[in-house]
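**Student:** work-v4.txt (compact mmCIF, C-alpha atoms) pasted underneath:
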# COMPACT_ATOMS: atom_id res chain seq x y z
CA MET I 1 120.48 -1.08 3.47
CA ALA I 2 123.54 1.18 3.26
CA LEU I 3 126.69 0.51 1.30
CA LYS I 4 129.92 0.01 3.17
CA THR I 5 132.90 2.21 2.30
CA PHE I 6 136.50 2.06 3.53
CA ARG I 7 139.28 4.42 4.45
CA PRO I 8 141.67 4.53 1.45
CA ILE I 9 144.67 3.01 3.20
CA THR I 10 145.35 0.97 0.03
CA PRO I 11 144.67 1.90 -3.62
CA SER I 12 142.10 -0.88 -3.98
CA LEU I 13 140.05 0.36 -1.01
CA ARG I 14 139.80 3.91 -2.34
CA PHE I 15 136.84 3.16 -4.63
CA THR I 16 135.54 -0.01 -3.02
CA GLN I 17 131.85 -0.03 -2.09
CA THR I 18 130.35 -3.29 -0.82
CA ASN I 19 127.05 -4.37 0.66
CA GLY I 20 126.58 -3.75 4.35
CA PHE I 21 124.84 -7.11 4.98
CA GLU I 22 122.77 -5.62 7.83
CA GLU I 23 119.63 -7.43 6.71
CA ILE I 24 121.27 -10.87 6.82
CA THR I 25 120.31 -12.73 9.99
CA LYS I 26 122.21 -15.98 9.52
CA GLY I 27 125.83 -16.80 8.71
CA ASN I 28 126.92 -18.58 5.56
CA GLN I 29 125.49 -21.92 6.67
CA PRO I 30 122.50 -22.74 4.45
CA VAL I 31 120.16 -25.68 4.95
CA LYS I 32 122.25 -28.42 3.34
CA LYS I 33 119.33 -30.40 1.90
CA LEU I 34 118.29 -27.27 -0.02
CA THR I 35 121.70 -26.93 -1.68
CA GLU I 36 123.94 -28.82 -4.06
CA ARG I 37 127.53 -28.56 -5.18
CA LEU I 38 128.03 -26.15 -8.08
CA MET I 39 130.43 -27.46 -10.70
CA LYS I 40 132.65 -24.98 -12.56
CA SER I 41 132.59 -25.11 -16.36
CA GLY I 42 135.33 -22.61 -17.15
CA GLY I 43 133.19 -21.54 -20.10
CA ARG I 44 133.59 -24.96 -21.79
CA ASN I 45 130.83 -27.14 -23.18
CA SER I 46 130.55 -30.94 -22.98
CA TYR I 47 133.19 -31.29 -25.72
CA GLY I 48 135.67 -29.18 -23.78
CA ARG I 49 135.44 -26.33 -26.27
CA LEU I 50 135.38 -22.72 -25.13
CA THR I 51 131.86 -21.36 -25.78
CA SER I 52 131.72 -18.50 -23.23
CA ARG I 53 134.75 -16.28 -22.84
CA HIS I 54 136.06 -14.60 -19.69
CA ILE I 55 134.92 -17.36 -17.31
CA GLY I 56 137.20 -19.29 -14.96
CA GLY I 57 138.40 -19.70 -11.40
CA GLY I 58 136.35 -18.20 -8.63
CA HIS I 59 135.55 -19.24 -5.10
CA LYS I 60 133.79 -22.53 -4.40
CA GLN I 61 130.01 -22.12 -4.17
CA ARG I 62 126.94 -24.16 -3.35
CA TYR I 63 123.75 -23.66 -5.32
CA ARG I 64 120.62 -22.87 -3.26
CA PHE I 65 117.36 -24.34 -4.57
CA ILE I 66 114.86 -21.47 -4.83
CA ASP I 67 111.11 -22.06 -4.86
CA PHE I 68 110.10 -20.11 -7.97
CA LYS I 69 106.82 -22.00 -8.41
CA ARG I 70 105.27 -21.17 -5.00
CA ASN I 71 102.89 -24.10 -5.52
CA LYS I 72 102.21 -24.79 -1.84
CA LEU I 73 98.84 -23.09 -2.02
CA GLY I 74 96.95 -22.09 1.10
CA VAL I 75 99.69 -23.18 3.51
CA LYS I 76 101.19 -20.44 5.68
CA ALA I 77 104.94 -20.20 6.22
CA VAL I 78 107.08 -18.26 8.70
CA VAL I 79 110.30 -16.53 7.66
CA GLU I 80 113.10 -18.15 9.67
CA SER I 81 116.08 -16.21 8.30
CA ILE I 82 117.34 -13.84 5.61
CA GLU I 83 120.49 -15.28 4.02
CA TYR I 84 123.23 -14.49 1.53
CA ASP I 85 123.25 -16.31 -1.80
CA PRO I 86 126.60 -16.35 -3.65
CA ILE I 87 124.93 -17.28 -6.96
CA ARG I 88 122.49 -14.37 -7.25
CA THR I 89 122.39 -10.65 -6.50
CA ALA I 90 119.25 -10.81 -4.35
CA ARG I 91 119.00 -12.05 -0.77
CA ILE I 92 117.04 -15.21 -0.03
CA ALA I 93 114.60 -15.98 2.76
CA LEU I 94 114.20 -19.36 4.43
CA LEU I 95 110.56 -20.30 4.92
CA LYS I 96 109.22 -22.95 7.27
CA TYR I 97 105.69 -24.11 6.42
CA ALA I 98 103.08 -25.28 8.90
CA ASP I 99 103.75 -28.91 7.88
CA GLY I 100 107.47 -28.55 8.65
CA GLU I 101 108.76 -28.24 5.07
CA GLN I 102 111.49 -25.67 4.42
CA ARG I 103 111.98 -23.72 1.20
CA TYR I 104 114.02 -20.76 -0.01
CA ILE I 105 112.44 -17.78 -1.81
CA ILE I 106 113.78 -14.49 -3.13
CA ALA I 107 113.60 -11.96 -0.29
CA PRO I 108 111.59 -8.81 -1.18
CA VAL I 109 112.01 -5.41 0.44
CA GLY I 110 110.40 -5.29 3.89
CA LEU I 111 110.37 -9.04 4.54
CA VAL I 112 111.67 -9.70 8.06
CA VAL I 113 112.24 -12.71 10.28
CA GLY I 114 108.99 -13.83 11.89
CA ALA I 115 106.76 -12.58 9.10
CA THR I 116 104.09 -14.90 7.70
CA VAL I 117 103.77 -15.46 3.95
CA ALA I 118 101.56 -17.65 1.79
CA SER I 119 100.59 -18.26 -1.81
CA GLY I 120 97.21 -18.74 -3.46
CA PRO I 121 94.38 -16.81 -5.10
CA ASP I 122 92.84 -15.73 -1.77
CA VAL I 123 95.88 -14.44 0.15
CA GLU I 124 96.41 -10.77 0.94
CA PRO I 125 98.53 -8.71 -1.48
CA VAL I 126 101.40 -8.01 0.94
CA ALA I 127 105.15 -8.35 0.46
CA GLY I 128 106.21 -11.97 0.04
CA ASN I 129 102.79 -13.39 -0.84
CA ALA I 130 102.27 -14.98 -4.26
CA LEU I 131 99.02 -14.43 -6.18
CA PRO I 132 97.72 -14.89 -9.72
CA LEU I 133 98.06 -11.72 -11.77
CA GLU I 134 94.27 -11.42 -12.01
CA LYS I 135 94.12 -11.05 -8.20
CA VAL I 136 96.89 -8.46 -7.88
CA PRO I 137 95.61 -4.88 -7.34
CA LEU I 138 96.42 -2.53 -10.22
CA GLY I 139 99.54 -0.45 -9.71
CA THR I 140 101.09 -2.94 -7.29
CA ALA I 141 104.83 -3.68 -7.54
CA ILE I 142 105.51 -7.36 -8.22
CA HIS I 143 108.46 -9.64 -8.94
CA ASN I 144 109.06 -13.35 -9.68
CA ILE I 145 106.60 -13.35 -12.57
CA GLU I 146 105.62 -16.48 -14.45
CA ILE I 147 105.21 -16.48 -18.24
CA ILE I 148 103.63 -19.94 -18.48
CA PRO I 149 101.40 -21.12 -15.59
CA GLY I 150 103.13 -23.68 -13.41
CA ARG I 151 106.56 -23.30 -14.99
CA GLY I 152 107.87 -20.99 -12.27
CA ALA I 153 109.00 -17.38 -12.14
CA GLN I 154 111.16 -16.18 -15.02
CA ILE I 155 110.89 -12.36 -14.90
CA GLY I 156 111.93 -9.91 -12.17
CA ARG I 157 114.33 -11.97 -10.09
CA THR I 158 117.41 -9.77 -9.81
CA ALA I 159 118.22 -7.37 -6.96
CA GLY I 160 116.07 -4.24 -6.89
CA SER I 161 113.85 -5.22 -9.82
CA SER I 162 110.08 -4.89 -9.86
CA ALA I 163 107.25 -4.78 -12.38
CA VAL I 164 103.83 -3.12 -12.22
CA VAL I 165 100.41 -4.51 -13.13
CA MET I 166 98.80 -1.98 -15.50
CA SER I 167 95.49 -3.67 -16.34
CA VAL I 168 93.71 -7.03 -16.52
CA ASP I 169 91.35 -7.78 -19.39
CA ALA I 170 90.19 -10.73 -21.53
CA GLY I 171 92.27 -13.25 -19.61
CA TYR I 172 95.54 -11.32 -19.88
CA ALA I 173 97.31 -8.83 -17.63
CA GLN I 174 99.35 -5.97 -19.03
CA VAL I 175 102.54 -5.70 -16.99
CA ARG I 176 105.19 -3.01 -17.22
CA LEU I 177 108.45 -4.95 -16.91
CA PRO I 178 111.67 -3.64 -15.31
CA SER I 179 113.04 -2.85 -18.80
CA GLY I 180 110.08 -0.52 -19.50
CA GLU I 181 108.43 -2.96 -21.90
CA ILE I 182 104.68 -3.48 -21.52
CA ARG I 183 103.78 -7.12 -22.07
CA LYS I 184 100.61 -9.18 -21.99
CA ILE I 185 100.89 -12.15 -19.62
CA PHE I 186 98.25 -14.82 -19.00
CA SER I 187 96.28 -13.73 -15.93
CA LYS I 188 96.51 -17.17 -14.26
CA CYS I 189 100.30 -16.81 -13.97
CA TYR I 190 101.60 -16.24 -10.46
CA ALA I 191 103.69 -13.31 -9.26
CA THR I 192 105.04 -12.29 -5.86
CA ILE I 193 104.13 -8.97 -4.25
CA GLY I 194 106.87 -6.42 -3.61
CA GLN I 195 110.23 -5.31 -4.95
CA VAL I 196 113.25 -7.60 -4.83
CA GLY I 197 115.54 -6.65 -1.95
CA ASN I 198 119.20 -5.59 -1.93
CA ILE I 199 118.30 -2.55 -4.01
CA GLU I 200 121.74 -0.95 -3.51
CA HIS I 201 123.46 -3.74 -5.43
CA GLU I 202 123.73 -1.62 -8.59
CA ASN I 203 125.98 0.82 -6.70
CA VAL I 204 128.49 -1.80 -5.57
CA SER I 205 132.05 -1.11 -6.74
CA LEU I 206 134.44 -4.07 -6.65
CA GLY I 207 137.47 -1.81 -6.18
CA LYS I 208 140.10 -4.19 -7.52
CA ALA I 209 140.61 -6.80 -10.22
CA GLY I 210 141.08 -9.57 -7.67
CA ARG I 211 137.50 -9.30 -6.48
CA SER I 212 136.34 -10.02 -10.05
CA ARG I 213 138.49 -13.15 -10.04
CA TRP I 214 136.84 -14.29 -6.79
CA LEU I 215 133.54 -14.11 -8.69
CA GLY I 216 134.90 -16.27 -11.51
CA ARG I 217 135.35 -13.46 -14.02
CA ARG I 218 138.54 -13.50 -16.09
CA PRO I 219 140.01 -10.39 -17.74
CA HIS I 220 138.19 -8.92 -20.72
CA VAL I 221 140.61 -7.58 -23.33
CA ARG I 222 139.39 -4.99 -25.86
CA GLY I 223 139.56 -6.01 -29.50
CA MET I 224 141.13 -2.70 -30.49
CA VAL I 225 144.34 -3.50 -28.59
CA MET I 226 144.70 -6.95 -30.17
CA ASN I 227 146.57 -7.89 -33.34
CA PRO I 228 144.74 -8.27 -36.67
CA VAL I 229 145.10 -12.04 -36.45
CA ASP I 230 143.14 -12.08 -33.18
CA HIS I 231 140.32 -9.61 -33.84
CA PRO I 232 138.77 -7.73 -36.80
CA MET I 233 139.36 -4.45 -34.98
CA GLY I 234 142.99 -5.21 -34.13
CA GLY I 235 146.11 -3.61 -35.56
CA GLY I 236 146.85 -0.11 -36.75
CA GLN I 237 149.69 2.27 -36.06
CA GLY I 238 149.24 3.45 -32.49
CA LYS I 239 145.79 3.94 -31.01
CA SER I 240 143.25 3.68 -33.82
CA LYS I 241 139.52 3.39 -34.22
CA GLY I 242 138.54 -0.07 -35.39
CA GLY I 243 141.78 -1.69 -36.55
CA GLY I 244 143.54 1.20 -38.20
CA GLY I 245 140.51 2.51 -40.09
CA ARG I 246 136.96 3.57 -39.40
CA GLN I 247 135.30 0.16 -39.49
CA HIS I 248 132.12 -0.35 -37.54
CA PRO I 249 132.69 -2.05 -34.12
CA VAL I 250 132.25 -5.80 -34.45
CA SER I 251 132.56 -8.94 -32.35
CA PRO I 252 135.60 -11.26 -32.67
CA TRP I 253 133.59 -13.17 -35.30
CA GLY I 254 132.67 -10.12 -37.38
CA GLN I 255 129.10 -9.47 -36.23
CA PRO I 256 128.30 -5.75 -35.75
CA SER I 257 128.18 -5.04 -32.03
CA LYS I 258 126.28 -1.74 -32.01
CA GLY I 259 122.80 -1.29 -33.39
CA LEU I 260 122.32 -4.67 -35.09
CA LYS I 261 118.89 -6.10 -34.29
CA THR I 262 119.33 -9.78 -33.42
CA ARG I 263 115.73 -10.55 -32.40
CA PRO I 264 113.96 -12.71 -35.04
CA LYS I 265 111.49 -10.62 -37.04
CA TYR I 266 108.64 -13.12 -36.72
CA LYS I 267 109.21 -14.37 -33.19
CA PRO I 268 105.93 -15.86 -31.82
CA SER I 269 106.02 -13.80 -28.62
CA ASN I 270 105.83 -10.53 -30.58
CA LYS I 271 102.04 -10.62 -30.29
CA PHE I 272 102.30 -10.36 -26.49
CA ILE I 273 104.44 -7.20 -26.53
CA VAL I 274 102.18 -4.15 -26.27
CA GLU I 275 104.96 -1.55 -26.08
CA ARG I 276 108.68 -2.05 -26.67
CA ARG I 277 111.22 -1.01 -24.13
CA LYS I 278 112.71 2.42 -24.68
CA ASN I 279 116.45 2.64 -25.27
CA LYS I 280 118.14 4.52 -22.46
CA LYS I 281 120.04 7.59 -23.63
CA HIS I 282 123.29 8.25 -21.83
For the structure just supplied, provide its representation as structure tokens.

**Tutor:**
Amino acid sequence: MALKTFRPITPSLRFTQTNGFEEITKGNQPVKKLTERLMKSGGRNSYGRLTSRHIGGGHKQRYRFIDFKRNKLGVKAVVESIEYDPIRTARIALLKYADGEQRYIIAPVGLVVGATVASGPDVEPVAGNALPLEKVPLGTAIHNIEIIPGRGAQIGRTAGSSAVVMSVDAGYAQVRLPSGEIRKIFSKCYATIGQVGNIEHENVSLGKAGRSRWLGRRPHVRGMVMNPVDHPMGGGQGKSKGGGGRQHPVSPWGQPSKGLKTRPKYKPSNKFIVERRKNKKH
């Protein structure tokens, strides 16, 4: 899939790069029984208090129910369409099973209309099929990975992401995750073969502030340009580093924002991490 660029007839179009949508085979008319109305929170909790900043507005959206469990074992399904999902970065595929049931799944690279997919321990390891990790050939790219059997996929669901099965031993599979971390996952957990589609999403450039507002993102103001009453890094004569001095960068509530380890030291899942992710150097 190629990105779409524009002639710079306006300043906002000069740097705009959007998805080409060539792989989408159906207009923005999802199966209504597989959707529900998405309510906007504006970043407020049930008490009406602001708990997440920079959220508000945005276009109306409907949430698509995605089958992350793939628990219809041994029943073949045909891909009816590849569709756009406003909630997530990946494309979704509409499946129609042999018994007439319809479900949405995340569309991997190479999945086309008319293809047949299935889930179960005995299906072939081809794009779109879901298998237990113990049945996945070593070195195969996977996505939609469960952590707890039957709970549904929790890892590798964003556009372009994929993990790799490194080894299977003693009831656990070692999987290299998209972050670079190597983690032990129970071998009975299911995963889907292939890489998540829409791999060019990371190169999309919105081009103008208004397109962020369509997505429900409000402006993000730097703390350094605020007043001291509004942020610990605010104030100072002219442009200054960290509120007039050389203070370490912090959040609006004073927590260091660079280098502070926030993961609990004795988190139970530490025993499943074989190798930590490597920090990317820019």

**Student:** Calculated over all atoms listed in the file, which of the candidates I:Leu206, I:Met224, I:Ile142, I:Leu215 has the smallest distance to Arg88 (chain I)?

**Tutor:**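 Answer, going by the shortest atom-to-atom distance: I:Leu215.
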
**Student:** Determine, counting only C-alpha atoms, which protein, DNA and RNA residues have an atom within 8 Å of an atom of Gly160 (chain I); residues of the same chain fewer than 4 positions away are not included. Present the result as a list of chain:residue names.

**Tutor:**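 Here the qualifying residues turn out to be I:Ala90, I:Gln195, I:Val196, I:Gly197, I:Asn198, I:Ile199, I:Glu200, I:His201.
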
**Student:** Fewer than 6 positions away in the same chain doesn't count, so skip those; otherwise give me all residues within 12 Å of Lys32 (chain I), counting all atoms listed in the file, as a list in words.

**Tutor:**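 Returned residues: Arg62, Tyr63, Arg64, Phe65, Gln102, Arg103 and Tyr104 of chain I.
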
**Student:** Please list as an MDAnalysis selection string every residue within 9 Å of Ala163 (chain I), counting all atoms listed in the file and excluding residues in the same chain fewer than 5 positions away.

**Tutor:** chainID I and resid 140:143 145 155:156 175:180 194:195

**Student:** Within 10 Å of (92.9, -13.0, -12.2), in the coordinates the file gives, what residues turn up when you count all atoms listed in the file, written out as number ranges by chain?

**Tutor:** I: 121, 131-137, 168-173, 186-190

**Student:** Which neighbours of Gly223 (chain I) fall inside 12 Å, counting only C-alpha atoms, when residues of the same chain fewer than 6 positions from it are skipped, and could you give them as an MDAnalysis selection string?

**Tutor:** chainID I and resid 229:236 239:244 249:254 257

**Student:** Using only C-alpha atoms and a cutoff of 9 Å, can you tell me which residues are near (107.5, -14.2, 12.6) in the file's coordinates, and write them out as a list in words?

**Tutor:**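 Every residue inside that radius is included here: Val78, Val79, Glu80, Val112, Val113, Gly114, Ala115 and Thr116 of chain I.
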
**Student:** For Ile193 (chain I), which of I:Glu124, I:Asp99, I:Glu83, I:Glu275 is the closest residue, counting all atoms listed in the file?

**Tutor:**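 Once distances to Ile193 (chain I) are computed over all atoms listed in the file, the minimum belongs to I:Glu124.
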
**Student:** Just how far from CA of Arg70 (chain I) is CA of Pro149 (chain I), in Å to one decimal?

**Tutor:**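 Answer for the CA of Pro149 (chain I) to CA of Arg70 (chain I) separation: 11.3 Å.
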
**Student:** Which residues, written as a VMD selection string, have at least one atom at most 10 Å from Val274 (chain I), with only C-alpha atoms counted and residues fewer than 2 positions away on the same chain left out?

**Tutor:** chain I and resid 174 to 176 181 to 184 270 to 272 276 to 277

**Student:** Rounded to one decimal in Å, what is the spacing between CA of Arg213 (chain I) and CA of Gln29 (chain I)?

**Tutor:**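 Separation of CA of Arg213 (chain I) and CA of Gln29 (chain I): 22.9 Å.
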
**Student:** Please, what distance in Å, to one decimal, runs between CA of Val117 (chain I) and CA of Ser162 (chain I)?

**Tutor:**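 Computing it gives 18.5 Å between the two atoms.
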
**Student:** Restricting the calculation to all atoms listed in the file: of I:Asn227, I:Gln237, I:Gln17, I:Ser212, which residue gets closest to Gly56 (chain I)?

**Tutor:**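 The shortest atom-to-atom distance to Gly56 (chain I) comes from I:Ser212.
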
**Student:** Which of these, I:Val109, I:Tyr47, I:Ser119, I:Ala127, has the shortest distance to Lys76 (chain I) once you count all atoms listed in the file?

**Tutor:**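 Of I:Val109, I:Tyr47, I:Ser119, I:Ala127, the one nearest Lys76 (chain I), counting all atoms listed in the file, is I:Ser119.
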
**Student:** I:Arg14, I:Asp122, I:Leu94, I:Gly216: which is nearest Ser41 (chain I), counting only C-alpha atoms?

**Tutor:**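 Smallest separation from Ser41 (chain I) among the options: I:Gly216.
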